[in-house]
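Have a look at the structure below before the remarks.
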Amino acid sequence: MRLLFFLVLSTMVLFTHAAHGRVISLSAADAAPYSTPDGDGLADRIIREACRRAGVKVRILYAPSERSLVNADEGIVDGEYLRIAGLEKKYPNLVMVPESICEYEFTVFAKDSGVRVAGWESLRPWNVGYITGWKILEENVKDVKSLTRVKDDDALFALLRSDRADLIIFERLQGEAYLKRTKEKEIIPLNPPLARRAMYLYLNRKYSPLVPRMAEALRRMKQDGTVRWIMSSVQGTAR
């Protein structure tokens with residue numbers, strides 16, 4: 001038993017020494033205000049600070065949602081964010097850092113303000129669109145009139161604009177930022193959201209020893225107000 005403990009401890013010490021100062025690559029697929037091409041989104045900032053506190057440097061890369069997740073699972077990149085809990089069941093090479101980064105509101109957007117949504121079942125009469133790789137939607141959007149999956153937010157909102165979908169599903173803050181950026185007046189978010197979910201960082205299993213350090217860093221960032229400050233620094237994102 002003592003030998004096993006010694007081996008585990010030795011492995012963690014060696015990893016900590018090897019990882020200290022190392023640059024890990026993390027992939028993101030989300031839009032502003034969470035992630036931006038210059039890495040200045042609120043989730044990007046939270047991740048950078050958590051990595052700094054955990055003793056590693058980070059390089060943030062961007063890829064379409066499904067590809068981003070597959071790259072992390074295959075070890076092409078070292079991890080991926082932002083994702084719902086439970087993905088390790090389908091992607092066994094990923095380990096979830098068990099401290100959330102933020103919360104998403106999965107929201108319906110439409111041109112018709114008279115549409116009423118009340119849970120996943122209420123989507124059935126409609127032509128619906130969402131971005132490929134959003135796992136919570138793949139699991140819950142069932143038996144709708146028609147379903148269209150697209151690669152990104154531009155293609156998603158184009159579905160509504162061209163009347164190829166009656167409803168699209170996106171994260172509320174990302175959708176509102178998109179509408180503001182594009183000066184879109186006809187499309188609106190509907191209430192209530194379909195779901196609220198905590199969102200997490202996943203690391204490839206080769207970085208499993210880093211998971212507790214990242215979780216502790218995120219936990220302390222919440223306790224000392226850093227996460228709140230980062231979210232408040234981006235207009236409209238304070239919770």
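Following the order of the structure tokens, chains are lettered A, B, ..., residues in each are numbered from 1, and ligands are numbered from 1.
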
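Excluding Gly133 of chain A itself and same-chain residues fewer than 3 positions from it, the residues having an atom within 12 Å of it are A:Ala29, A:Asp30, A:Ala63, A:Pro64, A:Ser65, A:Glu66, A:Arg67, A:Ser68, A:Leu69, A:Val70, A:Leu82, A:Arg83, A:Ile84, A:Leu87, A:Tyr130, A:Ile136, A:Leu137, A:Glu138, A:Glu139, A:Arg149, A:Val150, A:Lys151, A:Asp152, counting only C-alpha atoms.
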
Go ahead and save the picked residues with N, CA and C atoms, as a PDB file, in the first residue's frame.
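File out.pdb, as written:
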```
ATOM      1  N   ALA A  29     -14.568  26.922 -29.173  1.00  0.00           N
ATOM      2  CA  ALA A  29     -15.388  27.015 -30.374  1.00  0.00           C
ATOM      3  C   ALA A  29     -16.493  28.059 -30.239  1.00  0.00           C
ATOM      4  N   ASP A  30     -16.517  28.764 -29.107  1.00  0.00           N
ATOM      5  CA  ASP A  30     -17.608  29.683 -28.835  1.00  0.00           C
ATOM      6  C   ASP A  30     -17.298  31.085 -29.314  1.00  0.00           C
ATOM      7  N   ALA A  63     -11.613  26.310 -33.337  1.00  0.00           N
ATOM      8  CA  ALA A  63     -12.041  25.346 -34.345  1.00  0.00           C
ATOM      9  C   ALA A  63     -13.554  25.234 -34.285  1.00  0.00           C
ATOM     10  N   PRO A  64     -14.199  24.769 -35.362  1.00  0.00           N
ATOM     11  CA  PRO A  64     -15.637  24.504 -35.291  1.00  0.00           C
ATOM     12  C   PRO A  64     -15.965  23.556 -34.152  1.00  0.00           C
ATOM     13  N   SER A  65     -17.178  23.646 -33.609  1.00  0.00           N
ATOM     14  CA  SER A  65     -17.533  22.983 -32.355  1.00  0.00           C
ATOM     15  C   SER A  65     -17.198  21.496 -32.330  1.00  0.00           C
ATOM     16  N   GLU A  66     -17.658  20.739 -33.306  1.00  0.00           N
ATOM     17  CA  GLU A  66     -17.423  19.298 -33.300  1.00  0.00           C
ATOM     18  C   GLU A  66     -15.939  18.985 -33.463  1.00  0.00           C
ATOM     19  N   ARG A  67     -15.272  19.676 -34.360  1.00  0.00           N
ATOM     20  CA  ARG A  67     -13.854  19.444 -34.592  1.00  0.00           C
ATOM     21  C   ARG A  67     -13.038  19.792 -33.346  1.00  0.00           C
ATOM     22  N   SER A  68     -13.409  20.866 -32.665  1.00  0.00           N
ATOM     23  CA  SER A  68     -12.719  21.268 -31.447  1.00  0.00           C
ATOM     24  C   SER A  68     -12.748  20.165 -30.403  1.00  0.00           C
ATOM     25  N   LEU A  69     -13.916  19.545 -30.237  1.00  0.00           N
ATOM     26  CA  LEU A  69     -14.080  18.474 -29.258  1.00  0.00           C
ATOM     27  C   LEU A  69     -13.296  17.229 -29.656  1.00  0.00           C
ATOM     28  N   VAL A  70     -13.361  16.855 -30.913  1.00  0.00           N
ATOM     29  CA  VAL A  70     -12.635  15.674 -31.406  1.00  0.00           C
ATOM     30  C   VAL A  70     -11.127  15.880 -31.282  1.00  0.00           C
ATOM     31  N   LEU A  82     -15.931  25.625 -23.984  1.00  0.00           N
ATOM     32  CA  LEU A  82     -16.777  25.400 -22.805  1.00  0.00           C
ATOM     33  C   LEU A  82     -17.755  24.280 -23.127  1.00  0.00           C
ATOM     34  N   ARG A  83     -17.920  23.324 -22.199  1.00  0.00           N
ATOM     35  CA  ARG A  83     -18.754  22.152 -22.467  1.00  0.00           C
ATOM     36  C   ARG A  83     -19.582  21.787 -21.237  1.00  0.00           C
ATOM     37  N   ILE A  84     -20.723  21.149 -21.493  1.00  0.00           N
ATOM     38  CA  ILE A  84     -21.569  20.651 -20.416  1.00  0.00           C
ATOM     39  C   ILE A  84     -20.901  19.458 -19.737  1.00  0.00           C
ATOM     40  N   LEU A  87     -19.494  14.671 -20.773  1.00  0.00           N
ATOM     41  CA  LEU A  87     -19.027  14.309 -22.113  1.00  0.00           C
ATOM     42  C   LEU A  87     -17.984  13.192 -22.102  1.00  0.00           C
ATOM     43  N   TYR A 130     -29.523  24.451 -35.350  1.00  0.00           N
ATOM     44  CA  TYR A 130     -28.498  24.701 -34.336  1.00  0.00           C
ATOM     45  C   TYR A 130     -27.131  24.334 -34.902  1.00  0.00           C
ATOM     46  N   ILE A 136     -25.727  19.114 -25.931  1.00  0.00           N
ATOM     47  CA  ILE A 136     -26.992  19.190 -25.223  1.00  0.00           C
ATOM     48  C   ILE A 136     -28.161  19.288 -26.203  1.00  0.00           C
ATOM     49  N   LEU A 137     -27.927  19.917 -27.342  1.00  0.00           N
ATOM     50  CA  LEU A 137     -28.984  20.026 -28.351  1.00  0.00           C
ATOM     51  C   LEU A 137     -29.139  18.712 -29.101  1.00  0.00           C
ATOM     52  N   GLU A 138     -28.033  18.058 -29.395  1.00  0.00           N
ATOM     53  CA  GLU A 138     -28.112  16.752 -30.047  1.00  0.00           C
ATOM     54  C   GLU A 138     -28.907  15.760 -29.195  1.00  0.00           C
ATOM     55  N   GLU A 139     -28.787  15.884 -27.884  1.00  0.00           N
ATOM     56  CA  GLU A 139     -29.467  14.959 -26.981  1.00  0.00           C
ATOM     57  C   GLU A 139     -30.944  15.279 -26.787  1.00  0.00           C
ATOM     58  N   ARG A 149     -28.520  21.407 -39.172  1.00  0.00           N
ATOM     59  CA  ARG A 149     -27.304  21.665 -38.406  1.00  0.00           C
ATOM     60  C   ARG A 149     -26.331  22.450 -39.283  1.00  0.00           C
ATOM     61  N   VAL A 150     -25.705  23.449 -38.713  1.00  0.00           N
ATOM     62  CA  VAL A 150     -24.779  24.300 -39.468  1.00  0.00           C
ATOM     63  C   VAL A 150     -23.462  24.416 -38.713  1.00  0.00           C
ATOM     64  N   LYS A 151     -22.471  25.052 -39.329  1.00  0.00           N
ATOM     65  CA  LYS A 151     -21.124  25.028 -38.771  1.00  0.00           C
ATOM     66  C   LYS A 151     -20.822  26.157 -37.791  1.00  0.00           C
ATOM     67  N   ASP A 152     -21.530  27.304 -37.907  1.00  0.00           N
ATOM     68  CA  ASP A 152     -21.177  28.429 -37.041  1.00  0.00           C
ATOM     69  C   ASP A 152     -22.343  29.396 -36.886  1.00  0.00           C
TER      70      ASP A 152
END
```

Requested in this report: Could you give me the residues within segment 12-230 of chain A that DSSP places in strand (DSSP E or B), as a PyMOL selection string?
Outcome: chain A and resi 23-28+57-62+79-83+94-96+102-110+127-131+146-150+167-171+188-189+195-204

Could those residues be written to a file, using C-alpha atoms, as a JSON list (two decimals), in the first residue's frame?
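What landed in part-v8.json:
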```json
[["chain", "number", "residue", "atom", "x", "y", "z"],
["A", 23, "VAL", "CA", 2.54, 25.67, -22.72],
["A", 24, "ILE", "CA", -0.67, 23.66, -23.09],
["A", 25, "SER", "CA", -3.00, 24.10, -26.04],
["A", 26, "LEU", "CA", -6.70, 24.53, -25.35],
["A", 27, "SER", "CA", -9.34, 24.70, -28.05],
["A", 28, "ALA", "CA", -12.48, 26.84, -27.98],
["A", 57, "LYS", "CA", 1.00, 28.69, -19.77],
["A", 58, "VAL", "CA", -1.80, 28.36, -22.29],
["A", 59, "ARG", "CA", -2.21, 28.78, -26.01],
["A", 60, "ILE", "CA", -5.85, 29.15, -27.11],
["A", 61, "LEU", "CA", -6.85, 27.82, -30.51],
["A", 62, "TYR", "CA", -10.18, 27.95, -32.31],
["A", 79, "GLY", "CA", -8.06, 20.33, -23.82],
["A", 80, "GLU", "CA", -11.26, 22.10, -24.77],
["A", 81, "TYR", "CA", -13.86, 24.47, -23.31],
["A", 82, "LEU", "CA", -16.78, 25.40, -22.80],
["A", 83, "ARG", "CA", -18.75, 22.15, -22.47],
["A", 94, "LEU", "CA", -11.32, 13.60, -21.86],
["A", 95, "VAL", "CA", -11.38, 14.41, -18.15],
["A", 96, "MET", "CA", -13.64, 17.17, -16.85],
["A", 102, "CYS", "CA", -19.67, 29.93, -16.21],
["A", 103, "GLU", "CA", -23.30, 29.15, -16.95],
["A", 104, "TYR", "CA", -24.98, 29.04, -20.36],
["A", 105, "GLU", "CA", -28.60, 29.81, -21.15],
["A", 106, "PHE", "CA", -29.58, 27.71, -24.17],
["A", 107, "THR", "CA", -32.12, 30.00, -25.81],
["A", 108, "VAL", "CA", -34.47, 29.99, -28.77],
["A", 109, "PHE", "CA", -34.16, 32.87, -31.24],
["A", 110, "ALA", "CA", -36.95, 33.68, -33.68],
["A", 127, "ASN", "CA", -38.35, 23.91, -38.29],
["A", 128, "VAL", "CA", -35.30, 24.15, -36.04],
["A", 129, "GLY", "CA", -31.60, 24.89, -36.52],
["A", 130, "TYR", "CA", -28.50, 24.70, -34.34],
["A", 131, "ILE", "CA", -24.70, 24.42, -34.59],
["A", 146, "SER", "CA", -37.30, 19.61, -39.60],
["A", 147, "LEU", "CA", -33.77, 19.97, -38.27],
["A", 148, "THR", "CA", -30.82, 21.76, -39.85],
["A", 149, "ARG", "CA", -27.30, 21.67, -38.41],
["A", 150, "VAL", "CA", -24.78, 24.30, -39.47],
["A", 167, "LEU", "CA", -36.42, 28.78, -34.70],
["A", 168, "ILE", "CA", -32.73, 28.51, -33.95],
["A", 169, "ILE", "CA", -31.10, 27.58, -30.65],
["A", 170, "PHE", "CA", -28.02, 29.37, -29.38],
["A", 171, "GLU", "CA", -26.51, 30.60, -26.12],
["A", 188, "ILE", "CA", -35.15, 38.25, -30.94],
["A", 189, "PRO", "CA", -34.37, 35.85, -28.07],
["A", 195, "ALA", "CA", -32.04, 25.05, -20.26],
["A", 196, "ARG", "CA", -29.38, 26.52, -18.00],
["A", 197, "ARG", "CA", -26.19, 24.54, -17.65],
["A", 198, "ALA", "CA", -22.84, 24.97, -15.93],
["A", 199, "MET", "CA", -19.99, 24.88, -18.45],
["A", 200, "TYR", "CA", -16.61, 23.22, -17.92],
["A", 201, "LEU", "CA", -13.06, 22.77, -19.14],
["A", 202, "TYR", "CA", -12.02, 19.30, -20.29],
["A", 203, "LEU", "CA", -8.41, 18.12, -20.46],
["A", 204, "ASN", "CA", -7.03, 15.21, -22.44]]
```

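The spacing separating atom CA of Lys145 of chain A from atom CA of Leu173 of chain A amounts to 26.6 Å.
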
Any idea what's packed within 8 Å of Ile46 of chain A, counting only C-alpha atoms, ignoring anything in its chain fewer than 4 positions away? Could you give it as a short mmCIF file (atom, residue, chain, number, x, y, z; two decimals) with N, CA and C atoms, in the first residue's frame?
```cif
data_model
loop_
_atom_site.label_atom_id
_atom_site.label_comp_id
_atom_site.auth_asym_id
_atom_site.auth_seq_id
_atom_site.Cartn_x
_atom_site.Cartn_y
_atom_site.Cartn_z
N LEU A 42 -14.53 36.57 -22.12
CA LEU A 42 -14.55 36.37 -20.66
C LEU A 42 -14.10 34.97 -20.28
N ALA A 50 -6.67 31.00 -14.63
CA ALA A 50 -6.65 29.70 -13.94
C ALA A 50 -5.38 28.93 -14.27
N ILE A 101 -16.84 27.02 -15.18
CA ILE A 101 -16.29 28.30 -15.61
C ILE A 101 -17.37 29.36 -15.61
N LEU A 218 -9.73 27.61 -10.24
CA LEU A 218 -11.05 28.17 -10.57
C LEU A 218 -11.85 28.44 -9.30
N VAL A 227 -13.43 35.87 -10.86
CA VAL A 227 -14.38 35.50 -11.91
C VAL A 227 -15.46 36.56 -12.06
N ILE A 230 -14.02 39.57 -13.88
CA ILE A 230 -13.84 39.34 -15.31
C ILE A 230 -15.18 39.40 -16.04
#
```

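The residue that comes closest to Ser122 of chain A, out of A:Leu194, A:Met214, A:Ala158, A:Met221 and on the basis of only C-alpha atoms, is A:Leu194.
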
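Using only C-alpha atoms, the smallest distance between any of A:Lys142, A:Lys222, A:Lys180, A:Arg161 and Asp112 of chain A comes from A:Arg161.
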
Query raised in the report: Which is closer to Asp166 of chain A than all the others in A:Val211, A:Lys111, A:Gly119, A:Asn191, using only C-alpha atoms?
Result: A:Lys111

Query raised in the report: Which is closer to Ala72 of chain A than all the others in A:Gln223, A:Val97, A:Glu49, A:Tyr91, using only C-alpha atoms?
Result: A:Tyr91
